[in-house]
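Listing of work.tsv; format and content: TSV, C-alpha atoms.
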```tsv
chain	number	residue	atom	x	y	z
A	23	MET	CA	-96.87	112.13	143.05
A	24	ARG	CA	-98.94	114.95	141.54
A	25	THR	CA	-102.13	114.31	143.45
A	26	SER	CA	-103.22	117.90	143.01
A	27	LEU	CA	-103.87	117.18	139.34
A	28	PHE	CA	-106.33	114.35	139.96
A	29	ARG	CA	-109.79	115.24	138.70
A	30	GLY	CA	-111.65	113.81	141.68
A	31	HIS	CA	-110.81	113.83	145.38
A	32	ARG	CA	-112.18	110.36	146.07
A	33	ALA	CA	-112.26	107.34	143.78
A	34	PRO	CA	-115.66	105.65	143.47
A	35	VAL	CA	-115.94	102.24	145.06
A	36	PRO	CA	-115.40	99.76	142.21
A	37	THR	CA	-118.20	97.31	141.55
A	38	ALA	CA	-117.57	93.56	141.49
A	39	PRO	CA	-118.57	91.80	138.27
A	40	PRO	CA	-121.98	90.11	138.31
A	41	GLU	CA	-121.97	86.37	138.98
A	42	ILE	CA	-124.20	83.81	137.28
A	43	ASP	CA	-124.86	80.36	138.70
A	44	GLY	CA	-124.14	77.92	135.90
A	45	SER	CA	-125.08	74.83	137.93
A	46	SER	CA	-127.05	72.81	135.44
A	47	GLY	CA	-128.05	69.59	137.19
A	48	ALA	CA	-128.63	67.02	134.47
A	49	VAL	CA	-127.70	69.50	131.73
A	50	GLU	CA	-124.02	69.48	130.79
A	51	ALA	CA	-122.03	72.70	131.04
A	52	ALA	CA	-121.80	73.18	127.27
A	53	GLY	CA	-125.56	72.82	126.98
A	54	TRP	CA	-126.12	75.36	129.76
A	55	ALA	CA	-123.73	77.77	127.99
A	56	ALA	CA	-125.58	77.39	124.70
A	57	GLU	CA	-128.92	78.03	126.40
A	58	HIS	CA	-127.70	81.08	128.34
A	59	HIS	CA	-125.08	82.55	125.99
A	60	ALA	CA	-127.14	85.69	125.22
A	61	GLU	CA	-127.64	86.35	128.94
A	62	VAL	CA	-123.95	85.85	129.75
A	63	LEU	CA	-122.65	88.02	126.92
A	64	GLY	CA	-125.30	90.63	127.67
A	65	LEU	CA	-124.00	90.96	131.22
A	66	VAL	CA	-120.45	91.38	129.93
A	67	ALA	CA	-121.66	94.11	127.57
A	68	ALA	CA	-123.55	95.85	130.37
A	69	HIS	CA	-120.93	95.59	133.12
A	70	GLY	CA	-117.58	95.06	131.38
A	71	ALA	CA	-117.09	91.59	132.91
A	72	ALA	CA	-119.07	88.67	134.33
A	73	VAL	CA	-118.30	85.45	136.23
A	74	VAL	CA	-120.04	82.12	135.70
A	75	THR	CA	-119.82	79.66	138.60
A	76	GLY	CA	-120.90	76.06	138.97
A	77	LEU	CA	-119.91	74.85	135.50
A	78	GLY	CA	-117.54	72.24	136.92
A	79	LEU	CA	-114.70	73.11	134.56
A	80	ARG	CA	-111.80	70.74	135.21
A	81	THR	CA	-110.06	70.21	131.86
A	82	VAL	CA	-109.23	72.13	128.69
A	83	PRO	CA	-111.85	70.13	126.70
A	84	ASP	CA	-114.42	71.30	129.28
A	85	VAL	CA	-113.42	74.90	128.58
A	86	VAL	CA	-113.46	74.45	124.79
A	87	ALA	CA	-116.96	72.93	124.97
A	88	VAL	CA	-118.31	75.83	127.04
A	89	LEU	CA	-116.74	78.43	124.74
A	90	THR	CA	-118.38	76.66	121.80
A	91	GLY	CA	-121.69	76.75	123.68
A	92	LEU	CA	-121.25	80.50	124.18
A	93	ASP	CA	-120.74	80.78	120.39
A	94	LEU	CA	-117.19	82.08	120.84
A	95	SER	CA	-114.35	81.31	118.45
A	96	PRO	CA	-110.95	81.81	120.13
A	97	VAL	CA	-108.22	83.34	117.98
A	98	ARG	CA	-104.47	82.78	118.00
A	99	GLU	CA	-102.37	85.16	120.05
A	100	THR	CA	-99.72	87.15	118.18
A	101	GLU	CA	-97.15	89.51	119.74
A	102	GLY	CA	-97.50	88.15	123.27
A	103	PHE	CA	-94.95	89.68	125.65
A	104	ALA	CA	-94.48	86.52	127.74
A	105	PRO	CA	-94.56	82.83	126.80
A	106	ARG	CA	-97.77	80.81	126.99
A	107	THR	CA	-98.36	77.09	126.59
A	108	PRO	CA	-100.89	76.39	123.80
A	109	TYR	CA	-103.55	73.85	124.84
A	110	ALA	CA	-106.06	74.01	121.97
A	111	ASP	CA	-106.87	76.34	119.08
A	112	GLY	CA	-106.82	79.78	120.67
A	113	VAL	CA	-106.69	78.40	124.24
A	114	TYR	CA	-103.52	78.98	126.27
A	115	SER	CA	-102.00	78.89	129.69
A	116	SER	CA	-101.73	82.15	131.58
A	117	ALA	CA	-98.66	84.16	130.56
A	118	ALA	CA	-95.48	82.92	132.22
A	119	TRP	CA	-94.82	85.43	135.01
A	120	PRO	CA	-93.14	84.94	138.40
A	121	PRO	CA	-95.84	83.94	140.91
A	122	GLN	CA	-94.37	86.20	143.60
A	123	ARG	CA	-94.60	89.24	141.32
A	124	PRO	CA	-97.89	91.01	140.53
A	125	MET	CA	-98.92	91.44	136.92
A	126	CYS	CA	-99.98	95.08	136.69
A	127	MET	CA	-103.19	96.36	135.15
A	128	HIS	CA	-103.31	96.18	131.37
A	129	HIS	CA	-105.49	95.56	128.34
A	130	GLU	CA	-104.43	92.41	126.52
A	131	LEU	CA	-102.44	93.11	123.34
A	132	SER	CA	-103.44	96.79	123.38
A	133	TYR	CA	-100.21	97.49	121.50
A	134	ALA	CA	-101.05	95.11	118.63
A	135	GLY	CA	-102.73	96.03	115.37
A	136	GLN	CA	-105.28	93.30	116.13
A	137	PHE	CA	-106.32	92.60	119.70
A	138	PRO	CA	-109.07	90.57	121.39
A	139	GLY	CA	-112.29	92.34	122.24
A	140	LEU	CA	-113.20	89.59	124.70
A	141	LEU	CA	-111.07	87.62	127.17
A	142	CYS	CA	-112.16	84.32	128.70
A	143	PHE	CA	-110.42	83.04	131.84
A	144	ALA	CA	-111.23	79.57	133.18
A	145	CYS	CA	-109.91	78.36	136.54
A	146	LEU	CA	-109.17	74.64	136.49
A	147	GLU	CA	-107.40	74.77	139.86
A	148	ALA	CA	-107.41	77.75	142.21
A	149	PRO	CA	-104.23	78.81	144.04
A	150	THR	CA	-103.88	78.05	147.72
A	151	ALA	CA	-103.36	81.75	148.46
A	152	GLY	CA	-103.61	84.99	146.47
A	153	GLY	CA	-103.73	85.00	142.69
A	154	ALA	CA	-106.91	87.05	142.32
A	155	THR	CA	-107.65	88.67	138.99
A	156	GLY	CA	-108.15	92.41	139.42
A	157	LEU	CA	-110.51	94.41	137.20
A	158	ALA	CA	-110.67	98.16	136.58
A	159	ASP	CA	-113.11	100.19	134.48
A	160	ALA	CA	-111.10	101.89	131.72
A	161	ALA	CA	-113.47	104.84	131.33
A	162	ALA	CA	-113.40	105.55	135.08
A	163	VAL	CA	-109.60	105.31	135.08
A	164	LEU	CA	-109.43	107.77	132.18
A	165	ASP	CA	-111.69	110.20	134.04
A	166	ALA	CA	-109.52	109.99	137.17
A	167	LEU	CA	-106.14	110.53	135.50
A	168	PRO	CA	-104.65	114.05	135.47
A	169	GLU	CA	-105.95	116.11	132.58
A	170	ASP	CA	-102.50	117.14	131.38
A	171	GLU	CA	-101.26	113.55	131.12
A	172	VAL	CA	-104.42	112.40	129.34
A	173	ALA	CA	-104.21	115.33	126.91
A	174	ARG	CA	-100.60	114.56	126.05
A	175	PHE	CA	-101.11	110.83	125.60
A	176	GLU	CA	-104.32	111.38	123.63
A	177	ALA	CA	-102.58	113.85	121.32
A	178	GLU	CA	-99.34	111.92	120.89
A	179	GLY	CA	-100.24	108.29	121.56
A	180	TRP	CA	-97.62	106.02	123.07
A	181	ILE	CA	-94.70	103.98	121.80
A	182	LEU	CA	-93.78	100.42	122.75
A	183	THR	CA	-90.20	99.31	122.15
A	184	ARG	CA	-89.24	95.64	122.35
A	185	ALA	CA	-85.98	93.71	122.13
A	186	TYR	CA	-86.30	89.97	121.64
A	187	HIS	CA	-83.95	87.70	123.57
A	188	GLU	CA	-84.04	83.92	123.74
A	189	GLU	CA	-83.21	84.06	127.46
A	190	ILE	CA	-86.10	86.27	128.62
A	191	GLY	CA	-89.65	87.02	127.56
A	192	ALA	CA	-91.33	85.64	124.46
A	193	SER	CA	-89.02	84.40	121.71
A	194	LEU	CA	-89.54	85.35	118.07
A	195	SER	CA	-91.37	82.11	117.32
A	196	GLN	CA	-93.56	82.51	120.41
A	197	ALA	CA	-94.44	86.11	119.60
A	198	PHE	CA	-94.88	85.85	115.83
A	199	GLY	CA	-95.53	82.15	115.27
A	200	THR	CA	-92.35	81.93	113.19
A	201	ASP	CA	-88.67	82.81	113.36
A	202	ASP	CA	-88.40	83.45	109.61
A	203	PRO	CA	-87.20	87.07	109.22
A	204	ALA	CA	-89.09	87.56	105.94
A	205	ALA	CA	-92.38	86.44	107.49
A	206	ILE	CA	-91.80	88.59	110.57
A	207	ASP	CA	-90.97	91.62	108.39
A	208	ALA	CA	-94.19	91.07	106.42
A	209	TYR	CA	-96.19	90.93	109.64
A	210	CYS	CA	-94.54	94.08	110.96
A	211	ARG	CA	-95.22	96.01	107.76
A	212	ALA	CA	-98.87	94.94	107.84
A	213	ASN	CA	-99.25	96.05	111.47
A	214	GLY	CA	-97.37	99.33	111.61
A	215	ILE	CA	-94.30	98.03	113.43
A	216	GLU	CA	-90.76	99.22	112.75
A	217	ALA	CA	-88.39	96.24	112.72
A	218	ASP	CA	-84.64	96.59	113.19
A	219	TRP	CA	-82.55	93.44	112.74
A	220	GLY	CA	-79.09	93.23	114.26
A	221	PRO	CA	-76.14	91.54	112.51
A	222	ASP	CA	-76.49	88.63	114.95
A	223	GLY	CA	-80.12	88.04	113.92
A	224	SER	CA	-81.57	89.81	116.98
A	225	LEU	CA	-84.69	91.92	116.54
A	226	ARG	CA	-85.81	95.21	118.05
A	227	THR	CA	-89.21	96.67	117.27
A	228	ARG	CA	-91.03	99.95	117.78
A	229	GLN	CA	-94.76	100.56	117.42
A	230	HIS	CA	-96.81	103.71	117.87
A	231	ARG	CA	-100.35	103.24	119.22
A	232	SER	CA	-103.28	105.21	120.58
A	233	ALA	CA	-103.51	105.55	124.35
A	234	VAL	CA	-107.23	106.40	124.35
A	235	VAL	CA	-109.81	104.66	122.16
A	236	ARG	CA	-113.56	104.73	121.83
A	237	HIS	CA	-115.39	101.57	122.77
A	238	PRO	CA	-116.64	99.92	119.55
A	239	ASP	CA	-120.19	99.55	120.90
A	240	SER	CA	-120.81	102.36	123.38
A	241	GLY	CA	-118.43	104.92	121.87
A	242	ARG	CA	-117.22	105.82	125.36
A	243	ARG	CA	-113.60	106.96	125.63
A	244	CYS	CA	-111.42	104.39	127.40
A	245	TRP	CA	-107.84	104.43	128.70
A	246	PHE	CA	-106.57	101.51	126.58
A	247	ASN	CA	-102.86	100.76	126.62
A	248	GLN	CA	-100.00	99.13	128.51
A	249	ILE	CA	-97.99	102.29	129.16
A	250	ALA	CA	-97.42	101.56	132.84
A	251	PHE	CA	-97.24	97.76	132.78
A	252	LEU	CA	-94.62	97.45	130.04
A	253	ASN	CA	-92.52	100.35	131.28
A	254	GLN	CA	-89.04	99.83	132.71
A	255	TRP	CA	-90.02	101.55	135.98
A	256	THR	CA	-92.60	98.86	136.73
A	257	MET	CA	-89.85	96.23	136.73
A	258	ASP	CA	-88.22	95.10	139.95
A	259	PRO	CA	-85.22	97.47	140.33
A	260	GLU	CA	-82.71	94.64	140.58
A	261	VAL	CA	-84.12	92.96	137.49
A	262	ARG	CA	-84.09	96.23	135.56
A	263	GLN	CA	-80.47	96.89	136.49
A	264	PHE	CA	-79.46	93.36	135.51
A	265	LEU	CA	-81.16	93.74	132.12
A	266	VAL	CA	-79.53	97.12	131.50
A	267	ASP	CA	-76.13	95.69	132.40
A	268	GLU	CA	-76.73	92.64	130.21
A	269	TYR	CA	-78.34	94.21	127.13
A	270	GLY	CA	-77.83	97.97	127.46
A	271	PRO	CA	-80.48	100.67	128.08
A	272	ASP	CA	-81.90	100.23	124.56
A	273	GLY	CA	-81.99	96.44	124.83
A	274	LEU	CA	-84.70	96.00	127.47
A	275	PRO	CA	-87.26	93.35	126.56
A	276	PHE	CA	-89.90	96.10	126.61
A	277	ASP	CA	-90.28	99.75	127.48
A	278	THR	CA	-92.79	102.52	126.77
A	279	ARG	CA	-92.48	106.15	125.70
A	280	TYR	CA	-94.61	109.15	124.94
A	281	GLY	CA	-95.66	109.38	121.32
A	282	ASN	CA	-92.94	111.94	120.54
A	283	GLY	CA	-90.25	109.54	121.77
A	284	ASP	CA	-89.69	111.05	125.22
A	285	SER	CA	-89.20	108.63	128.11
A	286	VAL	CA	-92.11	108.17	130.48
A	287	PRO	CA	-90.79	109.17	133.92
A	288	ALA	CA	-91.09	106.95	136.95
A	289	ASP	CA	-93.52	109.28	138.73
A	290	THR	CA	-95.95	109.13	135.78
A	291	VAL	CA	-95.82	105.33	135.82
A	292	GLU	CA	-96.43	105.38	139.56
A	293	LEU	CA	-99.34	107.79	139.11
A	294	ILE	CA	-101.04	105.59	136.49
A	295	ASN	CA	-100.65	102.50	138.64
A	296	ARG	CA	-102.01	104.40	141.66
A	297	VAL	CA	-105.13	105.39	139.75
A	298	TYR	CA	-105.57	101.79	138.64
A	299	GLU	CA	-105.26	100.67	142.26
A	300	ASP	CA	-107.95	103.13	143.33
A	301	HIS	CA	-110.33	101.64	140.76
A	302	THR	CA	-109.51	97.95	141.18
A	303	VAL	CA	-111.91	95.26	142.35
A	304	ARG	CA	-110.38	91.83	143.00
A	305	ARG	CA	-112.18	88.60	142.33
A	306	PRO	CA	-110.51	85.54	143.98
A	307	TRP	CA	-110.69	82.33	141.97
A	308	ARG	CA	-112.62	79.19	142.81
A	309	ASP	CA	-112.20	75.88	141.01
A	310	GLY	CA	-114.31	75.77	137.88
A	311	ASP	CA	-114.99	79.54	137.58
A	312	LEU	CA	-115.29	81.18	134.18
A	313	MET	CA	-114.65	84.93	133.88
A	314	LEU	CA	-115.39	86.89	130.71
A	315	VAL	CA	-113.89	90.37	130.32
A	316	ASP	CA	-114.54	93.14	127.81
A	317	ASN	CA	-110.92	93.87	126.93
A	318	VAL	CA	-111.55	97.47	125.82
A	319	ARG	CA	-113.78	98.56	128.68
A	320	THR	CA	-112.01	96.65	131.47
A	321	ALA	CA	-108.32	96.35	132.37
A	322	HIS	CA	-107.16	93.30	134.28
A	323	SER	CA	-104.27	92.29	136.53
A	324	ARG	CA	-103.01	89.28	138.47
A	325	GLU	CA	-102.06	89.22	142.14
A	326	PRO	CA	-99.06	87.27	143.52
A	327	TYR	CA	-100.01	83.74	144.55
A	328	GLU	CA	-98.99	80.48	146.15
A	329	GLY	CA	-99.89	77.07	144.81
A	330	PRO	CA	-100.62	75.82	141.30
A	331	ARG	CA	-103.12	78.41	139.88
A	332	ARG	CA	-104.16	76.65	136.68
A	333	VAL	CA	-106.04	79.36	134.80
A	334	VAL	CA	-106.41	78.98	131.04
A	335	VAL	CA	-107.05	81.90	128.70
A	336	ALA	CA	-108.91	82.27	125.42
A	337	MET	CA	-109.10	85.42	123.31
A	338	ALA	CA	-112.08	86.09	121.07
A	339	ASP	CA	-113.93	88.81	119.11
A	340	PRO	CA	-110.84	90.30	117.40
A	341	LYS	CA	-110.69	94.06	116.89
A	342	ARG	CA	-108.35	96.34	114.98
A	343	GLN	CA	-107.02	99.76	115.87
A	344	THR	CA	-108.21	101.64	112.83
A	345	THR	CA	-106.95	105.17	113.51
A	346	PRO	CA	-103.22	105.99	113.73
A	347	ALA	CA	-101.93	106.84	117.19
A	348	GLY	CA	-101.91	110.51	118.03
A	349	ARG	CA	-105.38	111.16	116.59
A	350	THR	CA	-107.96	112.20	119.16
A	351	GLY	CA	-110.95	109.87	119.42
A	352	SER	CA	-109.26	106.80	117.95
A	353	ALA	CA	-111.64	103.89	117.57
A	354	ALA	CA	-111.41	100.17	117.99
A	355	THR	CA	-113.49	98.16	115.53
```
Output the structure of this file as structure tokens.
Amino acid sequence: MRTSLFRGHRAPVPTAPPEIDGSSGAVEAAGWAAEHHAEVLGLVAAHGAAVVTGLGLRTVPDVVAVLTGLDLSPVRETEGFAPRTPYADGVYSSAAWPPQRPMCMHHELSYAGQFPGLLCFACLEAPTAGGATGLADAAAVLDALPEDEVARFEAEGWILTRAYHEEIGASLSQAFGTDDPAAIDAYCRANGIEADWGPDGSLRTRQHRSAVVRHPDSGRRCWFNQIAFLNQWTMDPEVRQFLVDEYGPDGLPFDTRYGNGDSVPADTVELINRVYEDHTVRRPWRDGDLMLVDNVRTAHSREPYEGPRRVVVAMADPKRQTTPAGRTGSAAT
């Protein structure tokens, strides 16, 4: 661990997202959301995330009604790395991920040509233990990372490689909404993805993205990627070895590289995750909570948990990465 290269000696204490009491008495939750939508979205813009309590969310229709009240239009997920159950237009289950394993810090779909600018998490049933959603300020994380690593990733960008297998991760139809090779090829061409089809119909992809972007509103530089989360060294060692034995070193469901194609070493992945940990604030769930997260400014994670943990997800305010990876100051619009 190259702690000597950290820019600061002590990480600032992360600040919990502001909470708003959405208890509305005789006014239904959707009506409260419509009346207060400017206040709620203003807090997200100011702080990077906000939590609304007291809305009494119990069902997916409850969530859809509140999102409508907030004047949000969820969009369909494309290129998800793990399966989700669709519940309504643009409203999904949390990504399928082992409950005993943490989901590391990341920005949703930061590898995609189009990604959500806003994430909405609604807790219909809280877990009996654990399962908090962690938040980390992407600009603070960028400032705390070693200058040499930031300079390299900002100059080169990063590469995500994926291999699609029916047995693990998202299938072709789950990731692209179709398993038609022609339609998938058209999508890949439109979104800067190299697609390599095997003779057995299997697909491997490679996409080159920016690691640092400027926030579309504030212009502040943010560490915006999934370099550490989707890297092989973040996997459980036994799982990684099984996947290598099963599919070969180039057949992992996902892996990340520097923009020039070099492998990202384990100590760099550990370093990134350590900086995230230093800047993480955890917000345990309560039944009925609604959390809104600025997906560019704020990374999020999921702690291991016990119990049901019924959290549904909606993605809104779509953005596009408009500058090719490897160009300093890339912007999200």
* atom CA of Leu65 of chain A to atom CA of Pro40 of chain A, distance in Å rounded to a single decimal -> 7.4 Å
Under the rule of at most 6 Å, produce a per-residue listing of segment 98-200 of chain A near segment 265-289 of chain A: chain, number, name, the closest pair of atoms, and the distance in Å, as JSON lines, using all atoms listed in the file.
```
{"residue": "A:Glu178", "atom": "CA", "partner": "A:Gly281", "partner_atom": "CA", "distance": 4.5}
{"residue": "A:Gly179", "atom": "CA", "partner": "A:Gly281", "partner_atom": "CA", "distance": 4.7}
{"residue": "A:Trp180", "atom": "CA", "partner": "A:Gly281", "partner_atom": "CA", "distance": 4.3}
{"residue": "A:Ile181", "atom": "CA", "partner": "A:Arg279", "partner_atom": "CA", "distance": 5.0}
{"residue": "A:Leu182", "atom": "CA", "partner": "A:Thr278", "partner_atom": "CA", "distance": 4.6}
{"residue": "A:Thr183", "atom": "CA", "partner": "A:Asp277", "partner_atom": "CA", "distance": 5.3}
{"residue": "A:Arg184", "atom": "CA", "partner": "A:Phe276", "partner_atom": "CA", "distance": 4.3}
{"residue": "A:Ala185", "atom": "CA", "partner": "A:Pro275", "partner_atom": "CA", "distance": 4.6}
```
* **Shell of 12 Å around Ala67 of chain A, all atoms listed in the file, local chain residues under 4 positions omitted, as a count of residues only** => 21
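With distances restricted to all atoms listed in the file, A:Gly156 is the closest residue to Ala321 of chain A from A:Gly76, A:Gly156, A:Gly214, A:Pro124.
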* **Within 8 Å of Arg342 of chain A using all atoms listed in the file, minus same-chain residues under 4 positions, as a ChimeraX atom specification** => /A:135-137,354-355
* Structure fact -> With distances taken over all atoms listed in the file, the candidate from A:Val85, A:Ala110, A:Leu157, A:Val66 nearest Arg305 of chain A is A:Leu157
Filled-in N, CA, C and O atoms of segment 55-77 of chain A, supplied as an mmCIF file, keeping the file's coordinate frame:
```cif
data_model
loop_
_atom_site.group_PDB
_atom_site.id
_atom_site.type_symbol
_atom_site.label_atom_id
_atom_site.label_comp_id
_atom_site.auth_asym_id
_atom_site.auth_seq_id
_atom_site.Cartn_x
_atom_site.Cartn_y
_atom_site.Cartn_z
ATOM 1 N N ALA A 55 -124.324 76.597 128.642
ATOM 2 C CA ALA A 55 -123.730 77.770 127.990
ATOM 3 C C ALA A 55 -124.480 78.119 126.713
ATOM 4 O O ALA A 55 -124.725 79.303 126.435
ATOM 5 N N ALA A 56 -124.845 77.127 125.935
ATOM 6 C CA ALA A 56 -125.580 77.390 124.700
ATOM 7 C C ALA A 56 -126.942 78.004 124.989
ATOM 8 O O ALA A 56 -127.400 78.917 124.284
ATOM 9 N N GLU A 57 -127.596 77.532 126.051
ATOM 10 C CA GLU A 57 -128.920 78.030 126.400
ATOM 11 C C GLU A 57 -128.878 79.448 126.945
ATOM 12 O O GLU A 57 -129.806 80.239 126.747
ATOM 13 N N HIS A 58 -127.775 79.790 127.639
ATOM 14 C CA HIS A 58 -127.700 81.080 128.340
ATOM 15 C C HIS A 58 -126.681 82.031 127.720
ATOM 16 O O HIS A 58 -126.354 83.042 128.352
ATOM 17 N N HIS A 59 -126.184 81.746 126.515
ATOM 18 C CA HIS A 59 -125.080 82.550 125.990
ATOM 19 C C HIS A 59 -125.484 84.020 125.806
ATOM 20 O O HIS A 59 -124.692 84.929 126.064
ATOM 21 N N ALA A 60 -126.716 84.303 125.403
ATOM 22 C CA ALA A 60 -127.140 85.690 125.220
ATOM 23 C C ALA A 60 -127.158 86.424 126.559
ATOM 24 O O ALA A 60 -126.750 87.592 126.654
ATOM 25 N N GLU A 61 -127.612 85.739 127.617
ATOM 26 C CA GLU A 61 -127.640 86.350 128.940
ATOM 27 C C GLU A 61 -126.230 86.658 129.437
ATOM 28 O O GLU A 61 -125.956 87.746 129.952
ATOM 29 N N VAL A 62 -125.326 85.679 129.272
ATOM 30 C CA VAL A 62 -123.950 85.850 129.750
ATOM 31 C C VAL A 62 -123.272 87.000 129.013
ATOM 32 O O VAL A 62 -122.699 87.913 129.636
ATOM 33 N N LEU A 63 -123.327 86.984 127.693
ATOM 34 C CA LEU A 63 -122.650 88.020 126.920
ATOM 35 C C LEU A 63 -123.326 89.379 127.105
ATOM 36 O O LEU A 63 -122.661 90.421 127.039
ATOM 37 N N GLY A 64 -124.615 89.373 127.382
ATOM 38 C CA GLY A 64 -125.300 90.630 127.670
ATOM 39 C C GLY A 64 -124.804 91.263 128.958
ATOM 40 O O GLY A 64 -124.657 92.489 129.045
ATOM 41 N N LEU A 65 -124.532 90.431 129.973
ATOM 42 C CA LEU A 65 -124.000 90.960 131.220
ATOM 43 C C LEU A 65 -122.594 91.522 131.028
ATOM 44 O O LEU A 65 -122.244 92.546 131.609
ATOM 45 N N VAL A 66 -121.791 90.857 130.212
ATOM 46 C CA VAL A 66 -120.450 91.380 129.930
ATOM 47 C C VAL A 66 -120.557 92.735 129.233
ATOM 48 O O VAL A 66 -119.847 93.693 129.571
ATOM 49 N N ALA A 67 -121.478 92.842 128.276
ATOM 50 C CA ALA A 67 -121.660 94.110 127.570
ATOM 51 C C ALA A 67 -122.141 95.204 128.504
ATOM 52 O O ALA A 67 -121.731 96.367 128.385
ATOM 53 N N ALA A 68 -122.977 94.849 129.465
ATOM 54 C CA ALA A 68 -123.550 95.850 130.370
ATOM 55 C C ALA A 68 -122.588 96.266 131.468
ATOM 56 O O ALA A 68 -122.585 97.429 131.899
ATOM 57 N N HIS A 69 -121.751 95.322 131.937
ATOM 58 C CA HIS A 69 -120.930 95.590 133.120
ATOM 59 C C HIS A 69 -119.420 95.553 132.855
ATOM 60 O O HIS A 69 -118.639 95.895 133.749
ATOM 61 N N GLY A 70 -119.004 95.124 131.692
ATOM 62 C CA GLY A 70 -117.580 95.060 131.380
ATOM 63 C C GLY A 70 -116.926 93.753 131.752
ATOM 64 O O GLY A 70 -115.793 93.481 131.345
ATOM 65 N N ALA A 71 -117.605 92.909 132.534
ATOM 66 C CA ALA A 71 -117.090 91.590 132.910
ATOM 67 C C ALA A 71 -118.221 90.828 133.589
ATOM 68 O O ALA A 71 -119.186 91.420 134.074
ATOM 69 N N ALA A 72 -118.109 89.515 133.626
ATOM 70 C CA ALA A 72 -119.070 88.670 134.330
ATOM 71 C C ALA A 72 -118.376 87.369 134.690
ATOM 72 O O ALA A 72 -117.412 86.940 134.027
ATOM 73 N N VAL A 73 -118.845 86.721 135.763
ATOM 74 C CA VAL A 73 -118.300 85.450 136.230
ATOM 75 C C VAL A 73 -119.410 84.409 136.224
ATOM 76 O O VAL A 73 -120.518 84.679 136.706
ATOM 77 N N VAL A 74 -119.109 83.237 135.670
ATOM 78 C CA VAL A 74 -120.040 82.120 135.700
ATOM 79 C C VAL A 74 -119.471 81.068 136.645
ATOM 80 O O VAL A 74 -118.323 80.635 136.481
ATOM 81 N N THR A 75 -120.237 80.676 137.639
ATOM 82 C CA THR A 75 -119.820 79.660 138.600
ATOM 83 C C THR A 75 -120.618 78.379 138.370
ATOM 84 O O THR A 75 -121.642 78.382 137.679
ATOM 85 N N GLY A 76 -120.135 77.294 138.968
ATOM 86 C CA GLY A 76 -120.900 76.060 138.970
ATOM 87 C C GLY A 76 -120.855 75.246 137.702
ATOM 88 O O GLY A 76 -121.609 74.270 137.564
ATOM 89 N N LEU A 77 -119.981 75.596 136.750
ATOM 90 C CA LEU A 77 -119.910 74.850 135.500
ATOM 91 C C LEU A 77 -119.099 73.567 135.633
ATOM 92 O O LEU A 77 -119.137 72.713 134.748
#
```
